[in-house]
Amino acid sequence: MTQIPRGRTPFDDIYDQPDPRGFFGGLGRFDYQTPQHAQQVFRRLAAARARSGPVTVLDLCCSYGINAALLNHHLTLADLYARYTSPGMAALDTAELIESDKDFYAARRRDDAVPVVGLDIAAPAIDYALAVGLLDAGFSENLETDTASAALLRAAGAAGLITVTGGASFLTARTIHQLLYAAKEPVWVAAFVLRTGSYQPIADALAEHGLVTEVDSERTVVQRRFTDPDEQRYAVAAVAATGADPTGKETEGYYHAALHLSRPRDRTVPYASLAGPETS
């Protein structure tokens, strides 16, 4: 993974805990919400891909399987915040929480659930997501520094949809090429990308695999509130440096992200119908 840009607050510690209570407690203080915005988008994309056969989702930087939880279960992000920050959950040890979560997710499983493969460098997060049944397969590998394992490449090869909500700025073409070279079928890639950096290097890498990237720069969703004025100053300057206008978005106190959707050239479903009506 690439380093966190100077000026952006790191949250590394919340990913190396044995369960997601620290994740929801830490990011909840700053109104982190991208997975909720992505929930319906990813569901529409999975349904569109499924028209030509069963679809497997590969979720990059998946942490504790949050996207899989929202995609495949009758739940909202607010439901997860309420659960993992509640006094009742705080009283459990990790083993007890895992047992409780197995039942919690099984009882809310959607009929249209799809297989999800998770990839993240945080092994504890992957272990938790596998233990409670959110992931069908999970890998704690860093493809920015290492070569993908044979097992990961086999799992990635079955994916028809690759999703990212919280890690696009940490990925480079190295990760993308390893995963796309393993693909057994045309794959779609859907990434919610912060406006503080450029997605063009990733889009260029995807183009080498025959994928065209579309984005509506005016259609953005809130990621989270800034941790302090210094982080806001960093974000406003970074967005302006890309040539975009932070007015009314980052200037209002929140990171914003835009959906970048990459598909083969012969796509038939319009970007707008997949991205949905929600904007900020």
# chains A, B, ... in the order shown; residues from 1 in each chain; ligands from 1

call {"tool": "closest_atom_pairs", "arguments": {"of": "segment 104-171 of chain A", "to": "segment 187-198 of chain A", "cutoff": "7 Å", "atoms": "only C-alpha atoms", "output": "JSON lines"}}
result
{"residue": "A:Ala159", "atom": "CA", "partner": "A:Val187", "partner_atom": "CA", "distance": 6.8}
{"residue": "A:Gly160", "atom": "CA", "partner": "A:Val187", "partner_atom": "CA", "distance": 4.6}
{"residue": "A:Leu161", "atom": "CA", "partner": "A:Trp188", "partner_atom": "CA", "distance": 4.8}
{"residue": "A:Ile162", "atom": "CA", "partner": "A:Val189", "partner_atom": "CA", "distance": 4.6}
{"residue": "A:Thr163", "atom": "CA", "partner": "A:Ala190", "partner_atom": "CA", "distance": 4.9}
{"residue": "A:Val164", "atom": "CA", "partner": "A:Ala191", "partner_atom": "CA", "distance": 4.6}
{"residue": "A:Thr165", "atom": "CA", "partner": "A:Phe192", "partner_atom": "CA", "distance": 5.0}
{"residue": "A:Ala168", "atom": "CA", "partner": "A:Val193", "partner_atom": "CA", "distance": 5.9}

call {"tool": "residues_around", "arguments": {"residues": "Ser273 of chain A", "least_positions_apart": "6", "cutoff": "10 Å", "atoms": "only C-alpha atoms", "output": "PDB file with N, CA, C and O atoms, in the first residue's frame"}}
result
ATOM      1  N   VAL A  41     -25.632   0.895  -4.771  1.00  0.00           N
ATOM      2  CA  VAL A  41     -24.875   0.898  -6.025  1.00  0.00           C
ATOM      3  C   VAL A  41     -24.285  -0.485  -6.280  1.00  0.00           C
ATOM      4  O   VAL A  41     -24.431  -1.063  -7.374  1.00  0.00           O
ATOM      5  N   ARG A  44     -26.949  -2.953  -7.245  1.00  0.00           N
ATOM      6  CA  ARG A  44     -27.379  -2.815  -8.650  1.00  0.00           C
ATOM      7  C   ARG A  44     -26.328  -3.379  -9.600  1.00  0.00           C
ATOM      8  O   ARG A  44     -26.662  -4.028 -10.603  1.00  0.00           O
ATOM      9  N   LEU A  45     -25.073  -3.134  -9.304  1.00  0.00           N
ATOM     10  CA  LEU A  45     -24.001  -3.644 -10.156  1.00  0.00           C
ATOM     11  C   LEU A  45     -23.947  -5.163 -10.138  1.00  0.00           C
ATOM     12  O   LEU A  45     -23.783  -5.809 -11.182  1.00  0.00           O
TER      13      LEU A  45
END

call {"tool": "closest_residue", "arguments": {"among": "A:Thr145, A:Thr227, A:Thr175, A:Thr247", "to": "Arg8 of chain A", "atoms": "only C-alpha atoms"}}
result
A:Thr227

call {"tool": "closest_residue", "arguments": {"among": "A:Ala155, A:Leu261, A:Met89, A:Leu97", "to": "Ala129 of chain A", "atoms": "only C-alpha atoms"}}
result
A:Leu97

call {"tool": "select_by_dssp", "arguments": {"residues": "segment 114-258 of chain A", "states": "alpha helix (DSSP H)", "output": "PyMOL selection string"}}
result
chain A and resi 123-131+150-157+173-181+200-207+229-241

call {"tool": "residues_around", "arguments": {"residues": "segment 17-25 of chain A", "least_positions_apart": "3", "cutoff": "8 Å", "atoms": "only C-alpha atoms", "output": "PyMOL selection string"}}
result
chain A and resi 13-14+28-29+64+80-81+84-85+90+94+124-125+127-128

call {"tool": "residues_around", "arguments": {"residues": "Ala122 of chain A", "least_positions_apart": "6", "cutoff": "8 Å", "atoms": "only C-alpha atoms", "output": "PDB file with N, CA, C and O atoms, in the first residue's frame"}}
result
ATOM      1  N   TYR A  15      -7.857  -1.225  12.332  1.00  0.00           N
ATOM      2  CA  TYR A  15      -7.931  -2.380  11.451  1.00  0.00           C
ATOM      3  C   TYR A  15      -7.183  -3.587  11.996  1.00  0.00           C
ATOM      4  O   TYR A  15      -7.319  -4.693  11.469  1.00  0.00           O
ATOM      5  N   ASP A  16      -6.377  -3.385  13.010  1.00  0.00           N
ATOM      6  CA  ASP A  16      -5.572  -4.469  13.563  1.00  0.00           C
ATOM      7  C   ASP A  16      -6.131  -5.000  14.870  1.00  0.00           C
ATOM      8  O   ASP A  16      -5.417  -5.606  15.662  1.00  0.00           O
ATOM      9  N   SER A  63     -11.451  -4.624   4.998  1.00  0.00           N
ATOM     10  CA  SER A  63     -11.432  -4.554   6.462  1.00  0.00           C
ATOM     11  C   SER A  63     -12.263  -5.691   7.050  1.00  0.00           C
ATOM     12  O   SER A  63     -12.044  -6.851   6.742  1.00  0.00           O
ATOM     13  N   SER A 140      -5.199 -11.886   3.487  1.00  0.00           N
ATOM     14  CA  SER A 140      -4.473 -10.747   4.059  1.00  0.00           C
ATOM     15  C   SER A 140      -3.119 -10.663   3.357  1.00  0.00           C
ATOM     16  O   SER A 140      -2.099 -11.129   3.862  1.00  0.00           O
TER      17      SER A 140
END

call {"tool": "closest_residue", "arguments": {"among": "A:Ala257, A:Leu119, A:Ile126, A:Cys61", "to": "Ala148 of chain A", "atoms": "only C-alpha atoms"}}
result
A:Leu119

call {"tool": "residues_around", "arguments": {"residues": "Asp112 of chain A", "least_positions_apart": "2", "cutoff": "12 Å", "atoms": "only C-alpha atoms", "output": "VMD selection string"}}
result
chain A and resid 43 to 44 46 to 47 50 54 to 55 71 to 74 108 to 110 114 to 115

call {"tool": "atom_distance", "arguments": {"atom1": "atom CA of Ala244 of chain A", "atom2": "atom CA of Arg224 of chain A"}}
result
18.7 Å

call {"tool": "residues_around", "arguments": {"residues": "segment 212-218 of chain A", "least_positions_apart": "6", "cutoff": "7 Å", "atoms": "only C-alpha atoms", "output": "JSON, numbers by chain"}}
result
{"A": [203, 258, 259, 260, 261, 262, 263, 264, 265]}

call {"tool": "write_last_selection", "arguments": {"atoms": "N, CA and C atoms", "output": "mmCIF file, in the first residue's frame"}}
result
data_model
loop_
_atom_site.group_PDB
_atom_site.id
_atom_site.type_symbol
_atom_site.label_atom_id
_atom_site.label_comp_id
_atom_site.auth_asym_id
_atom_site.auth_seq_id
_atom_site.Cartn_x
_atom_site.Cartn_y
_atom_site.Cartn_z
ATOM 1 N N ALA A 203 -7.108 4.057 -13.582
ATOM 2 C CA ALA A 203 -7.912 3.990 -14.800
ATOM 3 C C ALA A 203 -7.049 3.575 -15.999
ATOM 4 N N ALA A 258 -16.251 10.131 -5.280
ATOM 5 C CA ALA A 258 -17.033 9.946 -6.508
ATOM 6 C C ALA A 258 -16.886 8.511 -6.982
ATOM 7 N N LEU A 259 -17.962 7.972 -7.539
ATOM 8 C CA LEU A 259 -17.944 6.612 -8.061
ATOM 9 C C LEU A 259 -17.241 6.573 -9.413
ATOM 10 N N HIS A 260 -16.191 5.784 -9.494
ATOM 11 C CA HIS A 260 -15.500 5.508 -10.752
ATOM 12 C C HIS A 260 -15.867 4.080 -11.155
ATOM 13 N N LEU A 261 -16.516 3.944 -12.291
ATOM 14 C CA LEU A 261 -16.995 2.642 -12.743
ATOM 15 C C LEU A 261 -16.285 2.261 -14.035
ATOM 16 N N SER A 262 -15.603 1.137 -13.998
ATOM 17 C CA SER A 262 -14.828 0.671 -15.158
ATOM 18 C C SER A 262 -15.438 -0.617 -15.685
ATOM 19 N N ARG A 263 -15.734 -0.608 -17.007
ATOM 20 C CA ARG A 263 -16.391 -1.752 -17.636
ATOM 21 C C ARG A 263 -15.854 -1.933 -19.058
ATOM 22 N N PRO A 264 -16.113 -3.097 -19.670
ATOM 23 C CA PRO A 264 -15.730 -3.273 -21.076
ATOM 24 C C PRO A 264 -16.417 -2.249 -21.966
ATOM 25 N N ARG A 265 -15.877 -2.024 -23.119
ATOM 26 C CA ARG A 265 -16.396 -0.988 -24.020
ATOM 27 C C ARG A 265 -17.808 -1.288 -24.511
#

call {"tool": "closest_residue", "arguments": {"among": "A:Thr220, A:Asn142, A:Thr34, A:Ser149", "to": "Leu171 of chain A", "atoms": "only C-alpha atoms"}}
result
A:Asn142

call {"tool": "closest_residue", "arguments": {"among": "A:Ala237, A:Ala48, A:Leu27, A:Ala131", "to": "Leu274 of chain A", "atoms": "only C-alpha atoms"}}
result
A:Ala48

call {"tool": "closest_residue", "arguments": {"among": "A:Asp230, A:Ser100, A:Pro87, A:Leu58", "to": "Ile176 of chain A", "atoms": "only C-alpha atoms"}}
result
A:Leu58

call {"tool": "select_by_dssp", "arguments": {"residues": "segment 49-78 of chain A", "states": "strand (DSSP E)", "output": "MDAnalysis selection string"}}
result
chainID A and resid 56:60
